[in-house]
Amino acid sequence: MRDGVLTESRPVRWTLLALAVGFLALFLVLPLAAVFAEALRRGAGTFLGSFADPDTQAATYLTLLVAAIAVPLNLVFGISAAWAVAKFEFPGKSLLITLIDLPFSVSPVVSGLVYVLLFGAKGWLGPLLDDWDFKIVFAVPGIVLATIFVTFPFIARELIPLMQEQGTAEEEAALTLGASGFRTFLTVTLPNVRWALLYGVLLCNARAMGEFGAVSVVSGHIRGLTNTMPLQVEILYNEYNFVGAFAVSTLLAGLALVTLGAKSFLEWRYGDGLARNHRH
Amino acid sequence: MSVAALRDSTSIPRTFREPSALPGFGLTFGFAVSYLSLIVLLPLAVLLAKAGGLGLDGIWKVATTPRVLAALEVSFFISAAAALVNAIFGSIAAWVLVRYEFPGKRLLDAAIDLPFALPTAVAGIALAALYATNGWVGSLFAPWGIKIAFTPWGILIALIFIGMPFVVRTIQPVLQDLDRDVEEASATLGATRAQTVFRVVVPSLLPALLTGVALAFARAVGEYGSVIFIAGNMPFVSEIAPLLIVTKLEEFDYAGAAAIAAVMLAISFLALLAINGLQVYSRRRLGHA
């Protein structure tokens, strides 16, 4: 086919390509490069030395702990919600799907605020918690709750469209052949959705470990106790310990890169096992 | 015969859900709805109740104090500007990634999701370092007396970063599925390439573009982490609404924080409605979401 009929002329093509690559380099590549460059500004020794800070280590531990609680809970929720929504017909289903997506359209700050209003010292349940001497806000339970809130939809929204597409015929066949409901789920449904499940867990985990706004509101920023890694980044940065802040950031950026890599791999290799909009 | 009619004509008992051979509805539905209610709905209801305690005129009073009004203005105006920039460059990026072949395309495509994956605090300090007057990009502008970081321009940069994947990722699949035959037809009928692009291709991308822009805008309005490091956070100049919520909370003004949050929720709810409306419209009009 002749040039210019179904594609743009060469100068236009090159201009568009240059604009796109320039824009993406400016907004994607440079910030990422800056994280590593700033972390290594004073040499590898200072960089590695910043990980010896006990507060940074405590923050790393807390981040892992929070993700280890929040991700499995949202996993159980995601599977339950997907089973109920995708395999059955009931009134109010689309409302339920909308409500599951709700946390995505709420500002992270508001996601933290709601728990302060509920459990804070001047919140609705604050006095009651005070009597029991149990702290939620400015303590680890609040951080876990805020993290669950912001990562709430990730796994459900990967599973629901895929399981809706797959229908119920295979499960019905397994049940007819005498399998129990739980066995049907384990041997028929789960293998069908495993890649979408992994995809959702990856995204959920990345957000759980990286959440800043919501966690910042409920954490109280107590060093060594209620600081997650993103909050530790903020504290170090505000103390002008830039190398320290960027050193912790390299770990989080590394997590982001691993997540992106695994995500692209799943889309490329197991695209058929993902919800339709992730198949390239 | 429909299931409902069938149910009426036989002795199958009327149930909430339609009959199915699969087990586990009660357990999974019950758990999902309880968990959703406890984690999301109840806390949001408490927020609305707290804001509602002020009454509509009370919320109005908080929302129209000069400092709050200025913060809402900064948030909405700069979010809209960032969405506009993303509409232009995001479309170009999506076009290039779908239609052209070039080395490194796969890598660039994968990198589009970086703003989703990179923790916002990390993005914030990285952008602040880049655009400060001694940073890689900021130092290019400093000789002309242009300051980017710690001014409203810095907020714009952060919000472009955070919103870009929404625009690219909503346009990309639609562009991919677009039938090339229409473009051929248009060319055959004598249209120039520019006419084909702007009068045939762009109109069919418009719903997706608007959806992506609305998503980017909604995300930008609520964004906190990536903005506060680069914004400078000067009241009346570069203070965003989410930061003001945090400030109110630190002053233990829970009602004031809830009022601002309620205003922001109302606006993101409207954005969500607009997005849904656009999707319904485009599905009807063009047969795809």
# chains A, B, ... in the order shown; residues from 1 in each chain; ligands from 1

call {"tool": "residues_around", "arguments": {"residues": "region 32-40 of chain A", "least_positions_apart": "3", "cutoff": "8 Å", "atoms": "only C-alpha atoms", "output": "PDB file with N, CA and C atoms, in the first residue's frame"}}
result
ATOM      1  N   LEU A  28       8.404   9.251  32.927  1.00  0.00           N
ATOM      2  CA  LEU A  28       8.531   7.897  33.469  1.00  0.00           C
ATOM      3  C   LEU A  28       9.982   7.542  33.770  1.00  0.00           C
ATOM      4  N   VAL A  29      10.838   7.742  32.781  1.00  0.00           N
ATOM      5  CA  VAL A  29      12.215   7.279  32.928  1.00  0.00           C
ATOM      6  C   VAL A  29      13.005   8.170  33.886  1.00  0.00           C
ATOM      7  N   GLY A  43      27.833   7.903  47.200  1.00  0.00           N
ATOM      8  CA  GLY A  43      28.568   6.652  47.088  1.00  0.00           C
ATOM      9  C   GLY A  43      27.813   5.466  47.661  1.00  0.00           C
ATOM     10  N   ALA A  44      28.299   4.284  47.290  1.00  0.00           N
ATOM     11  CA  ALA A  44      27.603   3.058  47.674  1.00  0.00           C
ATOM     12  C   ALA A  44      27.647   2.824  49.177  1.00  0.00           C
ATOM     13  N   THR A  46      27.561   5.025  51.781  1.00  0.00           N
ATOM     14  CA  THR A  46      26.503   5.783  52.462  1.00  0.00           C
ATOM     15  C   THR A  46      25.147   5.172  52.146  1.00  0.00           C
ATOM     16  N   PHE A  47      24.981   4.782  50.881  1.00  0.00           N
ATOM     17  CA  PHE A  47      23.720   4.172  50.446  1.00  0.00           C
ATOM     18  C   PHE A  47      23.407   2.937  51.284  1.00  0.00           C
ATOM     19  N   PHE A 242      18.603  13.191  52.580  1.00  0.00           N
ATOM     20  CA  PHE A 242      18.123  12.818  51.248  1.00  0.00           C
ATOM     21  C   PHE A 242      18.598  11.436  50.826  1.00  0.00           C
ATOM     22  N   VAL A 243      19.879  11.129  51.124  1.00  0.00           N
ATOM     23  CA  VAL A 243      20.387   9.814  50.730  1.00  0.00           C
ATOM     24  C   VAL A 243      19.571   8.722  51.410  1.00  0.00           C
ATOM     25  N   GLY A 244      19.292   8.909  52.691  1.00  0.00           N
ATOM     26  CA  GLY A 244      18.492   7.921  53.425  1.00  0.00           C
ATOM     27  C   GLY A 244      17.109   7.766  52.810  1.00  0.00           C
ATOM     28  N   ALA A 245      16.455   8.909  52.522  1.00  0.00           N
ATOM     29  CA  ALA A 245      15.109   8.869  51.949  1.00  0.00           C
ATOM     30  C   ALA A 245      15.115   8.157  50.604  1.00  0.00           C
ATOM     31  N   PHE A 246      16.112   8.493  49.763  1.00  0.00           N
ATOM     32  CA  PHE A 246      16.144   7.859  48.437  1.00  0.00           C
ATOM     33  C   PHE A 246      16.597   6.410  48.511  1.00  0.00           C
ATOM     34  N   ALA A 247      17.390   6.071  49.547  1.00  0.00           N
ATOM     35  CA  ALA A 247      17.800   4.670  49.703  1.00  0.00           C
ATOM     36  C   ALA A 247      16.579   3.803  49.993  1.00  0.00           C
ATOM     37  N   SER A 249      13.648   4.606  49.213  1.00  0.00           N
ATOM     38  CA  SER A 249      12.862   4.680  47.975  1.00  0.00           C
ATOM     39  C   SER A 249      13.311   3.670  46.929  1.00  0.00           C
ATOM     40  N   THR A 250      14.629   3.359  46.900  1.00  0.00           N
ATOM     41  CA  THR A 250      15.080   2.385  45.894  1.00  0.00           C
ATOM     42  C   THR A 250      14.435   1.026  46.149  1.00  0.00           C
ATOM     43  N   ALA A 253      10.957   1.427  44.835  1.00  0.00           N
ATOM     44  CA  ALA A 253      10.997   1.490  43.372  1.00  0.00           C
ATOM     45  C   ALA A 253      11.311   0.112  42.801  1.00  0.00           C
TER      46      ALA A 253
ATOM     47  N   VAL B 122       7.476   8.108  46.878  1.00  0.00           N
ATOM     48  CA  VAL B 122       8.704   7.978  46.104  1.00  0.00           C
ATOM     49  C   VAL B 122       8.629   8.870  44.864  1.00  0.00           C
ATOM     50  N   ALA B 126      11.097  12.086  44.111  1.00  0.00           N
ATOM     51  CA  ALA B 126      11.871  12.019  42.867  1.00  0.00           C
ATOM     52  C   ALA B 126      11.558  13.227  41.984  1.00  0.00           C
ATOM     53  N   ALA B 129      13.113  16.344  43.421  1.00  0.00           N
ATOM     54  CA  ALA B 129      14.551  16.401  43.163  1.00  0.00           C
ATOM     55  C   ALA B 129      14.831  16.796  41.712  1.00  0.00           C
ATOM     56  N   LEU B 130      14.008  16.274  40.783  1.00  0.00           N
ATOM     57  CA  LEU B 130      14.221  16.560  39.354  1.00  0.00           C
ATOM     58  C   LEU B 130      13.928  18.013  39.011  1.00  0.00           C
TER      59      LEU B 130
END

call {"tool": "interface_residues", "arguments": {"of": "chain B", "to": "chain A", "cutoff": "6 Å", "atoms": "only C-alpha atoms", "output": "PyMOL selection string"}}
result
chain B and resi 17-18+23+25+28-29+32+43+47+92-93+117-119+121-122+126-127+161+222+224-225

call {"tool": "residues_around", "arguments": {"residues": "Thr211 (chain B)", "least_positions_apart": "4", "cutoff": "7 Å", "atoms": "only C-alpha atoms", "output": "CSV table (one decimal) with N, CA and C atoms, in the first residue's frame"}}
result
chain,number,residue,atom,x,y,z
B,207,PRO,N,-15.1,8.9,23.2
B,207,PRO,CA,-15.7,8.4,24.4
B,207,PRO,C,-14.6,7.8,25.4
B,215,LEU,N,-11.2,9.9,34.5
B,215,LEU,CA,-10.5,9.1,35.5
B,215,LEU,C,-9.3,9.8,36.1
B,275,ILE,N,-18.5,9.3,34.2
B,275,ILE,CA,-17.7,8.2,33.6
B,275,ILE,C,-18.7,7.1,33.2
B,278,LEU,N,-20.8,8.1,30.2
B,278,LEU,CA,-20.0,8.1,29.0
B,278,LEU,C,-19.8,6.7,28.5

call {"tool": "atom_distance", "arguments": {"atom1": "CA of Val74 (chain B)", "atom2": "CA of Leu140 (chain B)"}}
result
25.7 Å

call {"tool": "residues_around", "arguments": {"residues": "Gly212 (chain B)", "least_positions_apart": "4", "cutoff": "12 Å", "atoms": "only C-alpha atoms", "output": "ChimeraX atom specification"}}
result
/B:83-84,86-88,90-91,94,163-174,205-208,216-219,271-272,274-276,278-279,289

call {"tool": "residues_around", "arguments": {"residues": "Asn233 (chain B)", "least_positions_apart": "3", "cutoff": "10 Å", "atoms": "only C-alpha atoms", "output": "list in words"}}
result
Ala71, Phe150, Thr151, Pro152, Ile155, Val227, Ile228, Phe229, Ile230, Phe236, Val237, Ser238, Glu239, Ile240, Leu243 and Leu244 of chain B

call {"tool": "write_last_selection", "arguments": {"atoms": "C-alpha atoms", "output": "CSV table (one decimal), in the first residue's frame"}}
result
chain,number,residue,atom,x,y,z
B,71,ALA,CA,-7.4,24.9,48.2
B,150,PHE,CA,7.6,24.4,45.2
B,151,THR,CA,5.2,26.4,43.0
B,152,PRO,CA,1.8,25.5,41.4
B,155,ILE,CA,1.7,20.4,41.4
B,227,VAL,CA,2.0,16.4,45.3
B,228,ILE,CA,2.9,17.5,48.9
B,229,PHE,CA,6.7,17.0,48.3
B,230,ILE,CA,6.8,19.2,45.2
B,236,PHE,CA,-3.8,30.3,49.1
B,237,VAL,CA,-1.1,29.5,46.5
B,238,SER,CA,0.0,25.8,46.4
B,239,GLU,CA,-2.1,24.2,49.1
B,240,ILE,CA,-4.2,21.3,47.8
B,243,LEU,CA,-3.5,18.5,52.5
B,244,LEU,CA,-6.0,20.9,54.1

call {"tool": "select_by_dssp", "arguments": {"residues": "region 89-256 of chain A", "states": "helix (DSSP H, G or I)", "output": "ChimeraX atom specification"}}
result
/A:93-105,108-119,126-132,140-151,153-166,169-176,181-210,213-219,229-238,242-256

call {"tool": "residues_around", "arguments": {"residues": "Gly273 (chain A)", "least_positions_apart": "4", "cutoff": "8 Å", "atoms": "only C-alpha atoms", "output": "ChimeraX atom specification"}}
result
/A:162,192-196

call {"tool": "write_last_selection", "arguments": {"atoms": "N, CA, C and O atoms", "output": "compact mmCIF listing (two decimals), in the first residue's frame"}}
result
# COMPACT_ATOMS: atom_id res chain seq x y z
N LEU A 162 -13.50 -11.92 34.62
CA LEU A 162 -13.02 -13.19 34.05
C LEU A 162 -13.99 -14.33 34.40
O LEU A 162 -14.35 -15.13 33.53
N ASN A 192 -8.78 -22.20 36.68
CA ASN A 192 -9.22 -21.33 35.58
C ASN A 192 -8.87 -19.87 35.80
O ASN A 192 -8.77 -19.10 34.85
N VAL A 193 -8.75 -19.48 37.05
CA VAL A 193 -8.54 -18.05 37.31
C VAL A 193 -7.18 -17.78 37.96
O VAL A 193 -6.93 -16.67 38.42
N ARG A 194 -6.28 -18.77 37.98
CA ARG A 194 -5.07 -18.60 38.80
C ARG A 194 -4.22 -17.41 38.35
O ARG A 194 -3.67 -16.71 39.18
N TRP A 195 -4.13 -17.18 37.04
CA TRP A 195 -3.25 -16.09 36.59
C TRP A 195 -3.85 -14.73 36.91
O TRP A 195 -3.15 -13.81 37.30
N ALA A 196 -5.17 -14.64 36.77
CA ALA A 196 -5.84 -13.39 37.13
C ALA A 196 -5.70 -13.14 38.63
O ALA A 196 -5.52 -12.01 39.08

call {"tool": "atom_distance", "arguments": {"atom1": "CA of Thr15 (chain B)", "atom2": "CA of Val40 (chain B)"}}
result
27.1 Å

call {"tool": "closest_residue", "arguments": {"among": "A:Gly92, A:Pro127, A:Gly224, A:Pro161", "to": "Tyr61 (chain A)", "atoms": "only C-alpha atoms"}}
result
A:Gly224

call {"tool": "atom_distance", "arguments": {"atom1": "CA of Asn227 (chain A)", "atom2": "CA of Val246 (chain B)"}}
result
16.9 Å
